[in-house]
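Asker: Dropping the structure in here first, questions after.
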Amino acid sequence: MEPTLTTAQLNELRELLLARRAELMAQMQQNRENLAPPSEDEGAVLQRNVAREVDQTLSDIDAADLVRIDHALARMDEGGYGECGECGCAIPFERLRIEPQTQHCVDCKSRWESRQAAR
Ligand SMILES: [Zn+2]
């Protein structure tokens, strides 16, 4: 398939991915600090456990996002970035700009989402 993204567009998307990656890393670092065992205060234990659960959930989401970003960056180097993983079409630059780590075109994603919703 012909590459449909120009070098300038790819560079812009790479910048976006790297910026998002740095943001996520900072967030995860912050979460890890929140998860670290604090100096013990018996009264605060319950409250902290709730906060910890929320932080853990956020960490999991961040980690999944990070994997997708790394995957996208790897595809930029290896080739194949911007191709839909489902139908193989070229994902439009405008969509990549909004979600540079996406691996699916709008059609496949909405098909997938309606499959999920139908469950
Ligand atoms: Zn597709």
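Going through the structure tokens in order, the chains are called A, B, and so on, while each chain numbers its residues from 1 and the ligands are numbered from 1 in the order shown.
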For Thr57 in chain A, please output as an MDAnalysis selection string all residues within 12 Å (counting only C-alpha atoms; exclusion window: fewer than 4 positions along the same chain).
Answerer: chainID A and resid 28 31:32 35 50:53 61:64
Asker: All residues within 9 Å of ligand 1 are required, counting only C-alpha atoms and all ligand atoms; please report them as number ranges by chain.
Answerer: A: 83-91, 103-109
Asker: Could those selected residues go to a file with all heavy atoms, as a short mmCIF file (atom, residue, chain, number, x, y, z; two decimals), in the first residue's frame?
Answerer:
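Saved as out_30.cif:
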data_model
loop_
_atom_site.label_atom_id
_atom_site.label_comp_id
_atom_site.auth_asym_id
_atom_site.auth_seq_id
_atom_site.Cartn_x
_atom_site.Cartn_y
_atom_site.Cartn_z
N GLU A 83 -2.14 2.27 9.40
CA GLU A 83 -3.01 1.31 8.74
C GLU A 83 -3.96 0.72 9.76
O GLU A 83 -3.56 0.41 10.87
CB GLU A 83 -2.19 0.15 8.16
CG GLU A 83 -1.67 0.40 6.78
CD GLU A 83 -0.73 -0.72 6.36
OE1 GLU A 83 -1.06 -1.88 6.65
OE2 GLU A 83 0.32 -0.43 5.78
N CYS A 84 -5.21 0.55 9.36
CA CYS A 84 -6.18 -0.06 10.25
C CYS A 84 -5.81 -1.53 10.46
O CYS A 84 -5.57 -2.26 9.50
CB CYS A 84 -7.57 0.05 9.65
SG CYS A 84 -8.80 -0.85 10.60
N GLY A 85 -5.75 -1.94 11.72
CA GLY A 85 -5.38 -3.32 12.03
C GLY A 85 -6.45 -4.31 11.65
O GLY A 85 -6.22 -5.52 11.63
N GLU A 86 -7.63 -3.81 11.35
CA GLU A 86 -8.77 -4.69 11.05
C GLU A 86 -8.95 -4.85 9.54
O GLU A 86 -8.92 -5.95 9.02
CB GLU A 86 -10.03 -4.08 11.69
CG GLU A 86 -11.23 -4.98 11.62
CD GLU A 86 -11.43 -5.78 12.90
OE1 GLU A 86 -10.79 -5.47 13.91
OE2 GLU A 86 -12.24 -6.72 12.88
N CYS A 87 -9.12 -3.75 8.85
CA CYS A 87 -9.42 -3.84 7.41
C CYS A 87 -8.23 -3.43 6.55
O CYS A 87 -8.27 -3.60 5.33
CB CYS A 87 -10.63 -2.98 7.07
SG CYS A 87 -10.36 -1.21 7.25
N GLY A 88 -7.16 -2.88 7.16
CA GLY A 88 -5.97 -2.55 6.40
C GLY A 88 -6.04 -1.25 5.63
O GLY A 88 -5.12 -0.90 4.89
N CYS A 89 -7.12 -0.50 5.80
CA CYS A 89 -7.23 0.78 5.11
C CYS A 89 -6.32 1.80 5.79
O CYS A 89 -5.83 1.57 6.89
CB CYS A 89 -8.67 1.28 5.11
SG CYS A 89 -9.20 1.90 6.70
N ALA A 90 -6.10 2.94 5.13
CA ALA A 90 -5.28 3.99 5.72
C ALA A 90 -6.15 4.86 6.63
O ALA A 90 -7.17 5.37 6.19
CB ALA A 90 -4.65 4.83 4.63
N ILE A 91 -5.73 4.99 7.87
CA ILE A 91 -6.49 5.82 8.80
C ILE A 91 -6.18 7.29 8.48
O ILE A 91 -5.02 7.66 8.34
CB ILE A 91 -6.09 5.50 10.26
CG1 ILE A 91 -6.31 4.01 10.54
CG2 ILE A 91 -6.88 6.38 11.23
CD1 ILE A 91 -5.76 3.55 11.88
N GLN A 103 -5.32 2.13 16.43
CA GLN A 103 -4.92 1.11 15.46
C GLN A 103 -6.09 0.72 14.56
O GLN A 103 -6.02 -0.26 13.83
CB GLN A 103 -4.40 -0.13 16.19
CG GLN A 103 -3.02 0.10 16.79
CD GLN A 103 -2.71 -0.84 17.93
OE1 GLN A 103 -3.21 -1.94 17.97
NE2 GLN A 103 -1.89 -0.40 18.85
N HIS A 104 -7.18 1.49 14.67
CA HIS A 104 -8.35 1.15 13.87
C HIS A 104 -8.98 2.38 13.24
O HIS A 104 -8.99 3.45 13.85
CB HIS A 104 -9.39 0.42 14.73
CG HIS A 104 -8.90 -0.91 15.22
ND1 HIS A 104 -8.52 -1.12 16.51
CD2 HIS A 104 -8.70 -2.06 14.57
CE1 HIS A 104 -8.10 -2.36 16.64
NE2 HIS A 104 -8.20 -2.96 15.49
N CYS A 105 -9.50 2.22 12.04
CA CYS A 105 -10.20 3.31 11.39
C CYS A 105 -11.56 3.51 12.06
O CYS A 105 -12.00 2.66 12.85
CB CYS A 105 -10.39 3.02 9.90
SG CYS A 105 -11.51 1.66 9.55
N VAL A 106 -12.20 4.61 11.75
CA VAL A 106 -13.47 4.93 12.40
C VAL A 106 -14.51 3.84 12.16
O VAL A 106 -15.25 3.44 13.06
CB VAL A 106 -14.01 6.30 11.90
CG1 VAL A 106 -15.33 6.63 12.56
CG2 VAL A 106 -13.01 7.39 12.18
N ASP A 107 -14.57 3.35 10.92
CA ASP A 107 -15.55 2.32 10.58
C ASP A 107 -15.38 1.07 11.43
O ASP A 107 -16.34 0.56 12.01
CB ASP A 107 -15.43 1.94 9.10
CG ASP A 107 -16.00 3.02 8.21
OD1 ASP A 107 -16.64 3.94 8.75
OD2 ASP A 107 -15.78 2.94 6.99
N CYS A 108 -14.15 0.58 11.51
CA CYS A 108 -13.91 -0.64 12.27
C CYS A 108 -14.15 -0.40 13.75
O CYS A 108 -14.67 -1.26 14.46
CB CYS A 108 -12.48 -1.14 12.05
SG CYS A 108 -12.25 -1.82 10.39
N LYS A 109 -13.77 0.77 14.22
CA LYS A 109 -13.95 1.05 15.64
C LYS A 109 -15.42 1.13 16.00
O LYS A 109 -15.85 0.60 17.02
CB LYS A 109 -13.25 2.35 16.03
CG LYS A 109 -13.30 2.58 17.51
CD LYS A 109 -12.11 3.35 18.02
CE LYS A 109 -12.10 3.29 19.54
NZ LYS A 109 -11.20 4.27 20.13
#
Asker: Report the residues of chain A whose backbone DSSP state falls under alpha helix (DSSP H), written as a PDB file with C-alpha atoms, in the first residue's frame.
Answerer:
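Writing done, so here's states-v5.pdb:
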ATOM      1  CA  THR A   7       7.009  12.849   6.520  1.00  0.00           C
ATOM      2  CA  ALA A   8       5.898  16.108   8.102  1.00  0.00           C
ATOM      3  CA  GLN A   9       2.624  14.523   9.209  1.00  0.00           C
ATOM      4  CA  LEU A  10       4.439  11.502  10.604  1.00  0.00           C
ATOM      5  CA  ASN A  11       6.804  13.768  12.500  1.00  0.00           C
ATOM      6  CA  GLU A  12       3.889  15.674  13.958  1.00  0.00           C
ATOM      7  CA  LEU A  13       2.216  12.455  15.063  1.00  0.00           C
ATOM      8  CA  ARG A  14       5.445  11.168  16.537  1.00  0.00           C
ATOM      9  CA  GLU A  15       5.721  14.356  18.575  1.00  0.00           C
ATOM     10  CA  LEU A  16       2.153  13.865  19.797  1.00  0.00           C
ATOM     11  CA  LEU A  17       2.858  10.268  20.779  1.00  0.00           C
ATOM     12  CA  LEU A  18       6.052  11.157  22.600  1.00  0.00           C
ATOM     13  CA  ALA A  19       4.349  14.015  24.447  1.00  0.00           C
ATOM     14  CA  ARG A  20       1.471  11.764  25.460  1.00  0.00           C
ATOM     15  CA  ARG A  21       3.915   9.069  26.511  1.00  0.00           C
ATOM     16  CA  ALA A  22       5.835  11.508  28.731  1.00  0.00           C
ATOM     17  CA  GLU A  23       2.548  12.660  30.247  1.00  0.00           C
ATOM     18  CA  LEU A  24       1.495   9.091  31.018  1.00  0.00           C
ATOM     19  CA  MET A  25       4.862   8.238  32.517  1.00  0.00           C
ATOM     20  CA  ALA A  26       4.612  11.255  34.830  1.00  0.00           C
ATOM     21  CA  GLN A  27       1.067  10.262  35.776  1.00  0.00           C
ATOM     22  CA  MET A  28       2.068   6.686  36.499  1.00  0.00           C
ATOM     23  CA  GLN A  29       5.002   7.855  38.551  1.00  0.00           C
ATOM     24  CA  GLN A  30       2.593  10.019  40.538  1.00  0.00           C
ATOM     25  CA  ASN A  31       0.254   7.058  41.004  1.00  0.00           C
ATOM     26  CA  ARG A  32       3.084   4.833  42.175  1.00  0.00           C
ATOM     27  CA  GLU A  33       3.926   7.405  44.804  1.00  0.00           C
ATOM     28  CA  ASN A  34       0.300   7.399  45.898  1.00  0.00           C
ATOM     29  CA  LEU A  35       0.378   3.615  46.067  1.00  0.00           C
ATOM     30  CA  VAL A  45      -6.514   3.146  56.526  1.00  0.00           C
ATOM     31  CA  LEU A  46     -10.007   2.608  55.111  1.00  0.00           C
ATOM     32  CA  GLN A  47     -10.068   5.890  53.256  1.00  0.00           C
ATOM     33  CA  ARG A  48      -6.648   5.225  51.829  1.00  0.00           C
ATOM     34  CA  ASN A  49      -7.637   1.776  50.598  1.00  0.00           C
ATOM     35  CA  VAL A  50     -10.461   3.283  48.576  1.00  0.00           C
ATOM     36  CA  ALA A  51      -8.136   5.884  47.096  1.00  0.00           C
ATOM     37  CA  ARG A  52      -5.622   3.147  46.364  1.00  0.00           C
ATOM     38  CA  GLU A  53      -8.162   1.143  44.408  1.00  0.00           C
ATOM     39  CA  VAL A  54      -8.989   4.155  42.259  1.00  0.00           C
ATOM     40  CA  ASP A  55      -5.308   4.840  41.664  1.00  0.00           C
ATOM     41  CA  GLN A  56      -4.715   1.228  40.718  1.00  0.00           C
ATOM     42  CA  THR A  57      -7.526   1.334  38.174  1.00  0.00           C
ATOM     43  CA  LEU A  58      -6.107   4.513  36.673  1.00  0.00           C
ATOM     44  CA  SER A  59      -2.674   2.906  36.537  1.00  0.00           C
ATOM     45  CA  ASP A  60      -4.059  -0.029  34.602  1.00  0.00           C
ATOM     46  CA  ILE A  61      -5.686   2.292  32.077  1.00  0.00           C
ATOM     47  CA  ASP A  62      -2.477   4.283  31.758  1.00  0.00           C
ATOM     48  CA  ALA A  63      -0.448   1.116  31.301  1.00  0.00           C
ATOM     49  CA  ALA A  64      -2.731  -0.098  28.510  1.00  0.00           C
ATOM     50  CA  ASP A  65      -2.475   3.295  26.815  1.00  0.00           C
ATOM     51  CA  LEU A  66       1.287   3.221  27.139  1.00  0.00           C
ATOM     52  CA  VAL A  67       1.424  -0.147  25.397  1.00  0.00           C
ATOM     53  CA  ARG A  68      -0.625   1.243  22.516  1.00  0.00           C
ATOM     54  CA  ILE A  69       1.629   4.292  22.255  1.00  0.00           C
ATOM     55  CA  ASP A  70       4.771   2.145  22.225  1.00  0.00           C
ATOM     56  CA  HIS A  71       3.181  -0.080  19.627  1.00  0.00           C
ATOM     57  CA  ALA A  72       2.367   2.934  17.454  1.00  0.00           C
ATOM     58  CA  LEU A  73       5.916   4.270  17.769  1.00  0.00           C
ATOM     59  CA  ALA A  74       7.324   0.863  16.836  1.00  0.00           C
ATOM     60  CA  ARG A  75       5.085   0.741  13.759  1.00  0.00           C
ATOM     61  CA  MET A  76       6.355   4.184  12.756  1.00  0.00           C
ATOM     62  CA  ASP A  77       9.865   2.775  12.688  1.00  0.00           C
ATOM     63  CA  GLU A  78       9.004  -0.584  11.156  1.00  0.00           C
ATOM     64  CA  PHE A  93      -4.442  11.951   9.338  1.00  0.00           C
ATOM     65  CA  GLU A  94      -7.173  13.985  11.049  1.00  0.00           C
ATOM     66  CA  ARG A  95      -8.192  10.960  13.092  1.00  0.00           C
ATOM     67  CA  LEU A  96      -4.596  10.066  13.949  1.00  0.00           C
ATOM     68  CA  ARG A  97      -4.057  13.613  15.101  1.00  0.00           C
ATOM     69  CA  ILE A  98      -6.815  13.253  17.671  1.00  0.00           C
ATOM     70  CA  VAL A 106     -13.473   4.931  12.404  1.00  0.00           C
ATOM     71  CA  ASP A 107     -15.554   2.321  10.580  1.00  0.00           C
ATOM     72  CA  CYS A 108     -13.907  -0.644  12.270  1.00  0.00           C
ATOM     73  CA  LYS A 109     -13.950   1.050  15.636  1.00  0.00           C
ATOM     74  CA  SER A 110     -17.641   1.880  15.495  1.00  0.00           C
ATOM     75  CA  ARG A 111     -18.372  -1.643  14.261  1.00  0.00           C
ATOM     76  CA  TRP A 112     -16.414  -2.949  17.233  1.00  0.00           C
ATOM     77  CA  GLU A 113     -18.203  -0.595  19.613  1.00  0.00           C
ATOM     78  CA  SER A 114     -21.629  -1.611  18.410  1.00  0.00           C
ATOM     79  CA  ARG A 115     -20.603  -5.260  18.800  1.00  0.00           C
ATOM     80  CA  GLN A 116     -19.621  -4.476  22.383  1.00  0.00           C
ATOM     81  CA  ALA A 117     -22.871  -2.623  22.983  1.00  0.00           C
ATOM     82  CA  ALA A 118     -24.906  -5.530  21.612  1.00  0.00           C
TER      83      ALA A 118
END
